[in-house]
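Q: start00.cif is the file, holding mmCIF, C-alpha atoms:
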data_upload
#
loop_
_atom_site.group_PDB
_atom_site.id
_atom_site.type_symbol
_atom_site.label_atom_id
_atom_site.label_comp_id
_atom_site.auth_asym_id
_atom_site.auth_seq_id
_atom_site.Cartn_x
_atom_site.Cartn_y
_atom_site.Cartn_z
ATOM 1 C CA MET A 37 130.334 106.979 121.742
ATOM 2 C CA ASN A 38 130.952 104.707 118.803
ATOM 3 C CA THR A 39 133.242 105.707 115.972
ATOM 4 C CA PRO A 40 132.815 104.617 112.350
ATOM 5 C CA LEU A 41 136.497 103.662 112.264
ATOM 6 C CA ILE A 42 137.664 100.423 113.753
ATOM 7 C CA ARG A 43 141.215 99.520 114.673
ATOM 8 C CA ARG A 44 142.916 96.641 112.982
ATOM 9 C CA PRO A 45 145.341 94.976 115.403
ATOM 10 C CA ASP A 46 148.857 94.555 114.136
ATOM 11 C CA GLY A 47 150.916 91.684 115.492
ATOM 12 C CA ASN A 48 154.417 93.083 114.894
ATOM 13 C CA GLY A 49 154.191 96.061 117.245
ATOM 14 C CA ALA A 50 153.479 98.663 114.536
ATOM 15 C CA PRO A 51 150.846 101.277 115.274
ATOM 16 C CA ALA A 52 147.268 100.264 114.590
ATOM 17 C CA GLU A 53 145.865 101.270 111.201
ATOM 18 C CA ALA A 54 142.467 102.922 110.953
ATOM 19 C CA VAL A 55 140.127 101.394 108.392
ATOM 20 C CA PRO A 56 136.589 102.419 107.491
ATOM 21 C CA ALA A 57 133.755 100.467 109.053
ATOM 22 C CA ALA A 58 132.127 97.823 106.897
ATOM 23 C CA ALA A 59 129.188 98.952 104.797
ATOM 24 C CA GLY A 60 125.969 98.097 106.534
ATOM 25 C CA ALA A 61 127.503 98.435 109.973
ATOM 26 C CA PRO A 62 124.880 99.587 112.456
ATOM 27 C CA ASP A 63 126.892 102.671 113.470
ATOM 28 C CA GLY A 64 128.004 103.808 110.012
ATOM 29 C CA TYR A 65 126.013 105.158 107.111
ATOM 30 C CA PRO A 66 126.312 102.727 104.198
ATOM 31 C CA LEU A 67 127.579 104.927 101.385
ATOM 32 C CA PRO A 68 127.541 103.633 97.818
ATOM 33 C CA ALA A 69 130.834 101.948 97.138
ATOM 34 C CA THR A 70 131.055 102.537 93.387
ATOM 35 C CA TRP A 71 130.666 105.434 90.992
ATOM 36 C CA ARG A 72 127.652 103.631 89.545
ATOM 37 C CA GLY A 73 125.922 103.802 92.933
ATOM 38 C CA VAL A 74 126.823 107.453 93.348
ATOM 39 C CA GLY A 75 125.512 108.160 89.841
ATOM 40 C CA ALA A 76 122.224 106.399 90.586
ATOM 41 C CA GLN A 77 121.771 108.427 93.769
ATOM 42 C CA ALA A 78 122.658 111.688 92.010
ATOM 43 C CA ALA A 79 120.123 110.928 89.264
ATOM 44 C CA ALA A 80 117.468 110.163 91.886
ATOM 45 C CA ALA A 81 118.219 113.410 93.735
ATOM 46 C CA LEU A 82 118.048 115.474 90.545
ATOM 47 C CA GLY A 83 114.819 113.699 89.603
ATOM 48 C CA MET A 84 113.393 114.560 93.004
ATOM 49 C CA LEU A 85 114.326 118.230 92.524
ATOM 50 C CA THR A 86 112.748 118.202 89.058
ATOM 51 C CA GLY A 87 109.565 116.783 90.558
ATOM 52 C CA LEU A 88 109.523 119.507 93.190
ATOM 53 C CA TRP A 89 109.858 122.121 90.435
ATOM 54 C CA VAL A 90 106.909 120.611 88.569
ATOM 55 C CA ALA A 91 104.849 120.625 91.780
ATOM 56 C CA ILE A 92 105.533 124.278 92.632
ATOM 57 C CA SER A 93 105.658 125.657 89.079
ATOM 58 C CA PRO A 94 101.961 126.719 89.074
ATOM 59 C CA TRP A 95 102.879 129.422 91.621
ATOM 60 C CA PHE A 96 105.641 130.832 89.398
ATOM 61 C CA ILE A 97 104.402 130.493 85.815
ATOM 62 C CA THR A 98 101.028 130.682 84.107
ATOM 63 C CA LEU A 99 99.962 127.197 83.130
ATOM 64 C CA GLN A 100 96.426 127.676 81.948
ATOM 65 C CA TYR A 101 94.348 130.678 80.982
ATOM 66 C CA ALA A 102 91.091 129.284 82.437
ATOM 67 C CA GLY A 103 90.408 126.378 84.768
ATOM 68 C CA GLY A 104 92.656 124.754 87.290
ATOM 69 C CA ASN A 105 93.200 121.253 85.968
ATOM 70 C CA ALA A 106 96.754 122.023 84.761
ATOM 71 C CA ALA A 107 97.800 123.192 88.224
ATOM 72 C CA ALA A 108 96.286 120.062 89.787
ATOM 73 C CA VAL A 109 98.006 117.800 87.251
ATOM 74 C CA ASN A 110 101.351 119.497 87.860
ATOM 75 C CA LEU A 111 100.977 119.289 91.625
ATOM 76 C CA ILE A 112 100.060 115.592 91.600
ATOM 77 C CA SER A 113 102.631 114.647 88.959
ATOM 78 C CA GLY A 114 105.387 116.649 90.643
ATOM 79 C CA LEU A 115 104.734 115.137 94.056
ATOM 80 C CA ALA A 116 104.673 111.656 92.508
ATOM 81 C CA VAL A 117 108.030 112.272 90.814
ATOM 82 C CA ALA A 118 109.500 113.655 94.045
ATOM 83 C CA ALA A 119 108.250 110.588 95.945
ATOM 84 C CA VAL A 120 109.804 108.266 93.345
ATOM 85 C CA GLY A 121 113.109 110.122 93.713
ATOM 86 C CA ALA A 122 112.929 109.927 97.512
ATOM 87 C CA PHE A 123 112.265 106.187 97.443
ATOM 88 C CA ALA A 124 115.105 105.678 94.963
ATOM 89 C CA LEU A 125 117.408 107.572 97.324
ATOM 90 C CA ALA A 126 116.467 105.179 100.120
ATOM 91 C CA GLY A 127 118.533 102.433 98.476
ATOM 92 C CA PRO A 128 122.259 102.853 97.943
ATOM 93 C CA ARG A 129 121.931 102.146 94.208
ATOM 94 C CA GLY A 130 118.327 103.080 93.444
ATOM 95 C CA PHE A 131 115.598 100.787 92.182
ATOM 96 C CA ALA A 132 115.077 99.940 88.521
ATOM 97 C CA GLY A 133 111.290 99.875 88.846
ATOM 98 C CA LEU A 134 111.207 103.316 90.410
ATOM 99 C CA GLN A 135 113.419 104.755 87.686
ATOM 100 C CA SER A 136 111.157 103.231 85.044
ATOM 101 C CA GLY A 137 108.220 104.879 86.808
ATOM 102 C CA SER A 138 110.087 108.177 86.746
ATOM 103 C CA ALA A 139 110.586 107.817 82.988
ATOM 104 C CA LEU A 140 106.847 107.144 82.540
ATOM 105 C CA LEU A 141 105.996 110.215 84.619
ATOM 106 C CA GLY A 142 108.395 112.224 82.437
ATOM 107 C CA ALA A 143 106.568 111.014 79.333
ATOM 108 C CA TRP A 144 103.271 111.965 80.989
ATOM 109 C CA LEU A 145 104.541 115.504 81.617
ATOM 110 C CA ILE A 146 105.372 115.839 77.931
ATOM 111 C CA ILE A 147 101.966 114.648 76.695
ATOM 112 C CA ALA A 148 99.837 116.183 79.488
ATOM 113 C CA GLY A 149 99.741 119.633 77.870
ATOM 114 C CA PRO A 150 98.116 118.573 74.596
ATOM 115 C CA ILE A 151 95.663 116.331 76.469
ATOM 116 C CA LEU A 152 94.645 119.123 78.861
ATOM 117 C CA ASN A 153 94.404 121.620 76.005
ATOM 118 C CA HIS A 154 91.121 120.072 74.825
ATOM 119 C CA LYS A 155 89.173 121.439 77.790
ATOM 120 C CA HIS A 156 90.871 124.825 78.432
ATOM 121 C CA PRO A 157 93.680 126.584 76.538
ATOM 122 C CA ILE A 158 97.140 125.842 77.905
ATOM 123 C CA ALA A 159 99.791 128.577 78.134
ATOM 124 C CA ASP A 160 103.039 128.192 76.214
ATOM 125 C CA SER A 161 104.946 128.373 79.495
ATOM 126 C CA MET A 162 103.337 125.100 80.601
ATOM 127 C CA TYR A 163 104.335 123.388 77.375
ATOM 128 C CA TRP A 164 107.935 124.512 77.747
ATOM 129 C CA SER A 165 108.256 123.892 81.485
ATOM 130 C CA ASN A 166 106.653 120.465 81.431
ATOM 131 C CA SER A 167 108.403 119.383 78.232
ATOM 132 C CA TRP A 168 111.812 120.291 79.642
ATOM 133 C CA ALA A 169 111.016 118.690 82.993
ATOM 134 C CA GLY A 170 109.743 115.536 81.265
ATOM 135 C CA GLY A 171 112.830 115.352 79.066
ATOM 136 C CA VAL A 172 115.105 115.793 82.089
ATOM 137 C CA LEU A 173 113.250 113.040 83.963
ATOM 138 C CA ILE A 174 113.512 110.645 81.021
ATOM 139 C CA ALA A 175 117.236 111.373 80.613
ATOM 140 C CA LEU A 176 117.895 110.982 84.352
ATOM 141 C CA ALA A 177 115.924 107.734 84.467
ATOM 142 C CA ALA A 178 117.866 106.370 81.488
ATOM 143 C CA ALA A 179 121.181 107.359 83.078
ATOM 144 C CA SER A 180 120.157 105.853 86.404
ATOM 145 C CA LEU A 181 118.960 102.636 84.770
ATOM 146 C CA ALA A 182 122.277 102.391 82.950
ATOM 147 C CA ALA A 183 124.105 102.933 86.246
ATOM 148 C CA ILE A 184 122.189 100.287 88.200
ATOM 149 C CA ALA A 185 121.951 97.726 85.412
ATOM 150 C CA PRO A 186 123.879 94.552 86.168
ATOM 151 C CA ARG A 187 127.123 94.175 84.277
ATOM 152 C CA TRP A 188 127.068 90.919 82.347
ATOM 153 C CA PRO A 189 130.363 89.225 81.575
ATOM 154 C CA ALA A 190 131.419 89.219 77.947
ATOM 155 C CA ARG A 191 130.626 86.056 76.018
ATOM 156 C CA ARG A 192 133.478 84.041 74.670
#
Kindly return the structure encoded in the file as C-alpha coordinates.
A:
Amino acid sequence: MNTPLIRRPDGNGAPAEAVPAAAGAPDGYPLPATWRGVGAQAAAALGMLTGLWVAISPWFITLQYAGGNAAAVNLISGLAVAAVGAFALAGPRGFAGLQSGSALLGAWLIIAGPILNHKHPIADSMYWSNSWAGGVLIALAAASLAAIAPRWPARR
(Lines of atoms letter the chains of each structure in order from A and count residues from 1; the text may use other names and numbers.)
(Lines give C-alpha, C1' and ligand atoms only; values in the text may rest on other atoms or scores of the structure.)
Protein backbone atom coordinates (compact mmCIF):
# COMPACT_ATOMS: atom_id res chain seq x y z
CA MET A 1 0.00 0.00 0.00
CA ASN A 2 1.40 3.35 -0.99
CA THR A 3 1.08 6.37 1.26
CA PRO A 4 0.80 9.96 0.03
CA LEU A 5 3.50 10.97 2.51
CA ILE A 6 7.12 10.33 1.75
CA ARG A 7 9.97 10.33 4.23
CA ARG A 8 12.76 12.81 3.89
CA PRO A 9 16.01 11.26 5.12
CA ASP A 10 17.89 13.27 7.69
CA GLY A 11 21.65 12.89 7.86
CA ASN A 12 22.22 13.94 11.49
CA GLY A 13 20.31 11.11 13.15
CA ALA A 14 17.13 13.12 13.83
CA PRO A 15 13.81 11.41 13.19
CA ALA A 16 12.56 11.52 9.63
CA GLU A 17 10.12 14.32 8.79
CA ALA A 18 6.92 13.58 6.91
CA VAL A 19 6.25 15.83 3.94
CA PRO A 20 3.32 15.80 1.54
CA ALA A 21 3.80 14.05 -1.78
CA ALA A 22 4.51 16.26 -4.77
CA ALA A 23 1.50 17.48 -6.70
CA GLY A 24 0.93 15.30 -9.71
CA ALA A 25 2.36 12.24 -8.00
CA PRO A 26 0.68 9.12 -9.33
CA ASP A 27 -0.48 8.01 -5.86
CA GLY A 28 -1.70 11.37 -4.56
CA TYR A 29 -4.60 13.53 -5.65
CA PRO A 30 -3.23 16.82 -6.98
CA LEU A 31 -5.06 19.40 -4.91
CA PRO A 32 -4.96 23.06 -5.93
CA ALA A 33 -2.03 24.68 -4.22
CA THR A 34 -3.35 28.23 -3.98
CA TRP A 35 -6.52 29.96 -2.84
CA ARG A 36 -7.03 31.05 -6.44
CA GLY A 37 -7.21 27.40 -7.52
CA VAL A 38 -9.58 26.55 -4.69
CA GLY A 39 -11.75 29.54 -5.63
CA ALA A 40 -11.88 28.46 -9.27
CA GLN A 41 -12.93 24.94 -8.27
CA ALA A 42 -15.55 26.25 -5.83
CA ALA A 43 -16.99 28.51 -8.54
CA ALA A 44 -17.11 25.58 -10.97
CA ALA A 45 -18.85 23.38 -8.38
CA LEU A 46 -21.43 26.06 -7.59
CA GLY A 47 -21.95 26.62 -11.32
CA MET A 48 -22.53 22.90 -11.76
CA LEU A 49 -25.12 22.92 -8.96
CA THR A 50 -26.83 25.94 -10.52
CA GLY A 51 -26.98 24.09 -13.83
CA LEU A 52 -28.53 21.07 -12.14
CA TRP A 53 -31.17 23.34 -10.59
CA VAL A 54 -32.00 24.80 -14.01
CA ALA A 55 -32.27 21.28 -15.46
CA ILE A 56 -34.64 19.96 -12.78
CA SER A 57 -36.60 23.17 -12.16
CA PRO A 58 -39.42 22.24 -14.60
CA TRP A 59 -40.46 19.50 -12.13
CA PHE A 60 -40.71 21.96 -9.23
CA ILE A 61 -42.02 25.22 -10.70
CA THR A 62 -44.40 26.14 -13.50
CA LEU A 63 -42.40 27.47 -16.41
CA GLN A 64 -44.97 27.80 -19.13
CA TYR A 65 -48.75 27.79 -19.22
CA ALA A 66 -48.97 25.96 -22.58
CA GLY A 67 -46.39 24.08 -24.61
CA GLY A 68 -43.23 22.40 -23.49
CA ASN A 69 -40.46 24.39 -25.12
CA ALA A 70 -39.51 26.14 -21.84
CA ALA A 71 -39.00 22.82 -20.07
CA ALA A 72 -36.87 21.55 -22.97
CA VAL A 73 -34.79 24.74 -23.01
CA ASN A 74 -34.23 24.54 -19.26
CA LEU A 75 -33.29 20.87 -19.41
CA ILE A 76 -30.79 21.35 -22.25
CA SER A 77 -29.35 24.58 -20.86
CA GLY A 78 -29.07 23.18 -17.34
CA LEU A 79 -27.31 20.02 -18.48
CA ALA A 80 -24.93 22.10 -20.61
CA VAL A 81 -24.09 24.31 -17.62
CA ALA A 82 -23.59 21.26 -15.40
CA ALA A 83 -21.29 19.71 -18.02
CA VAL A 84 -19.26 22.93 -18.24
CA GLY A 85 -18.91 22.93 -14.44
CA ALA A 86 -17.87 19.27 -14.42
CA PHE A 87 -15.22 19.85 -17.08
CA ALA A 88 -13.94 22.91 -15.21
CA LEU A 89 -13.64 20.78 -12.08
CA ALA A 90 -11.48 18.31 -14.00
CA GLY A 91 -8.60 20.79 -13.97
CA PRO A 92 -7.10 21.99 -10.70
CA ARG A 93 -7.66 25.65 -11.64
CA GLY A 94 -10.53 25.48 -14.14
CA PHE A 95 -10.45 26.54 -17.77
CA ALA A 96 -10.99 30.11 -18.94
CA GLY A 97 -12.86 29.03 -22.07
CA LEU A 98 -15.28 26.91 -20.09
CA GLN A 99 -15.97 29.74 -17.65
CA SER A 100 -16.62 32.08 -20.57
CA GLY A 101 -19.05 29.50 -21.92
CA SER A 102 -20.74 29.37 -18.53
CA ALA A 103 -21.16 33.15 -18.60
CA LEU A 104 -22.71 32.93 -22.09
CA LEU A 105 -25.11 30.22 -20.91
CA GLY A 106 -26.02 32.47 -17.96
CA ALA A 107 -26.81 35.29 -20.37
CA TRP A 108 -28.90 32.86 -22.43
CA LEU A 109 -30.92 31.90 -19.34
CA ILE A 110 -31.71 35.56 -18.74
CA ILE A 111 -32.87 36.26 -22.30
CA ALA A 112 -34.52 32.87 -22.98
CA GLY A 113 -37.77 33.81 -21.24
CA PRO A 114 -38.62 36.81 -23.41
CA ILE A 115 -37.63 34.90 -26.56
CA LEU A 116 -39.81 31.90 -25.64
CA ASN A 117 -42.69 34.17 -24.64
CA HIS A 118 -43.48 34.90 -28.30
CA LYS A 119 -44.86 31.41 -28.92
CA HIS A 120 -46.52 30.55 -25.57
CA PRO A 121 -46.94 32.64 -22.40
CA ILE A 122 -44.16 32.16 -19.87
CA ALA A 123 -44.90 32.01 -16.14
CA ASP A 124 -43.36 34.59 -13.82
CA SER A 125 -41.65 31.79 -11.91
CA MET A 126 -39.58 30.96 -15.00
CA TYR A 127 -38.50 34.57 -15.38
CA TRP A 128 -37.40 34.75 -11.75
CA SER A 129 -35.76 31.33 -11.57
CA ASN A 130 -33.86 31.65 -14.82
CA SER A 131 -32.88 35.27 -14.22
CA TRP A 132 -31.45 34.45 -10.80
CA ALA A 133 -29.71 31.34 -12.12
CA GLY A 134 -28.28 33.29 -15.07
CA GLY A 135 -27.07 36.08 -12.79
CA VAL A 136 -25.43 33.55 -10.45
CA LEU A 137 -23.71 31.85 -13.39
CA ILE A 138 -22.40 35.15 -14.74
CA ALA A 139 -21.12 36.18 -11.30
CA LEU A 140 -19.49 32.78 -10.70
CA ALA A 141 -17.88 32.83 -14.15
CA ALA A 142 -16.52 36.33 -13.53
CA ALA A 143 -15.15 35.31 -10.13
CA SER A 144 -13.61 32.16 -11.58
CA LEU A 145 -12.07 34.05 -14.50
CA ALA A 146 -10.59 36.52 -12.04
CA ALA A 147 -9.20 33.62 -9.99
CA ILE A 148 -7.58 31.81 -12.92
CA ALA A 149 -6.36 34.89 -14.76
CA PRO A 150 -2.58 35.11 -14.91
CA ARG A 151 -1.04 37.66 -12.59
CA TRP A 152 1.06 40.08 -14.61
CA PRO A 153 3.98 41.79 -12.91
CA ALA A 154 3.61 45.50 -12.31
CA ARG A 155 5.24 47.74 -14.88
CA ARG A 156 8.03 49.98 -13.77
Q: Hey, what comes out of the PyMOL selection byres ((chain A and resi 104) around 12) on this file? Could you write it as JSON, numbers by chain?
A: {"A": [94, 98, 99, 100, 101, 102, 103, 105, 106, 107, 108, 109, 110, 111, 152, 153, 155, 156, 157, 158]}
Q: Could you jot down the atom CA of Ala179 of chain A to atom CA of Ala78 of chain A separation for me, Å, one decimal place?
A: 10.0 Å
Q: Expand the PyMOL selection byres ((chain A and resi 80) around 10) into the explicit residue set it covers here, and present it as a ChimeraX atom specification.
A: /A:74-79,81-86,117-118,120-126,129-131,134-135,138,173,176-177,179-180
Q: Around segment 168-174 of chain A, fit a box with edges along x, y and z, padding it by 4 Å on each side, then list its centre and edge lengths in Å to one decimal as JSON.
A:
{"center_x": 112.4, "center_y": 115.5, "center_z": 81.5, "size_x": 13.4, "size_y": 17.6, "size_z": 12.9}
Q: Calculate how many Å separate atom CA of Ser165 of chain A from atom CA of Ala178 of chain A, rounding to one decimal.
A: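 The value is 20.0 Å.
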Q: Using only C-alpha atoms, which of the listed residues (A:Ser161, A:Ala169, A:Gly133, A:Ser113) sits closest to Ile146 of chain A?
A: A:Ala169
Q: Going by the chain IDs and residue numbers used in this file, which residues fall under the PyMOL selection byres ((chain A and resi 145) around 9)? Write them as a PDB file with C-alpha atoms, keeping the file's coordinate frame.
A:
ATOM      1  CA  VAL A  90     106.909 120.611  88.569  1.00  0.00           C
ATOM      2  CA  VAL A 109      98.006 117.800  87.251  1.00  0.00           C
ATOM      3  CA  ASN A 110     101.351 119.497  87.860  1.00  0.00           C
ATOM      4  CA  SER A 113     102.631 114.647  88.959  1.00  0.00           C
ATOM      5  CA  LEU A 140     106.847 107.144  82.540  1.00  0.00           C
ATOM      6  CA  LEU A 141     105.996 110.215  84.619  1.00  0.00           C
ATOM      7  CA  GLY A 142     108.395 112.224  82.437  1.00  0.00           C
ATOM      8  CA  ALA A 143     106.568 111.014  79.333  1.00  0.00           C
ATOM      9  CA  TRP A 144     103.271 111.965  80.989  1.00  0.00           C
ATOM     10  CA  ILE A 146     105.372 115.839  77.931  1.00  0.00           C
ATOM     11  CA  ILE A 147     101.966 114.648  76.695  1.00  0.00           C
ATOM     12  CA  ALA A 148      99.837 116.183  79.488  1.00  0.00           C
ATOM     13  CA  GLY A 149      99.741 119.633  77.870  1.00  0.00           C
ATOM     14  CA  TYR A 163     104.335 123.388  77.375  1.00  0.00           C
ATOM     15  CA  ASN A 166     106.653 120.465  81.431  1.00  0.00           C
ATOM     16  CA  SER A 167     108.403 119.383  78.232  1.00  0.00           C
ATOM     17  CA  TRP A 168     111.812 120.291  79.642  1.00  0.00           C
ATOM     18  CA  ALA A 169     111.016 118.690  82.993  1.00  0.00           C
ATOM     19  CA  GLY A 170     109.743 115.536  81.265  1.00  0.00           C
ATOM     20  CA  GLY A 171     112.830 115.352  79.066  1.00  0.00           C
TER      21      GLY A 171
END
Q: Just the number, please: distance in Å from atom CA of Ala159 of chain A to atom CA of Ile92 of chain A, one decimal.
A: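 Going from atom CA of Ala159 of chain A over to atom CA of Ile92 of chain A, I get 16.2 Å.
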Q: Compare A:Met162, A:Ala182, A:Leu115, A:Ile151 by their minimum atom-to-atom distance to Ile97 of chain A, counting only C-alpha atoms, and give me the closest one.
A: A:Met162
Q: Give the answer as one residue: which of A:Ala119, A:Leu88, A:Phe96, A:Ala139 has the shortest atom-to-atom distance to Ala175 of chain A, using all atoms listed in the file?
A: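 Once distances to Ala175 of chain A are computed over all atoms listed in the file, the minimum belongs to A:Ala139.
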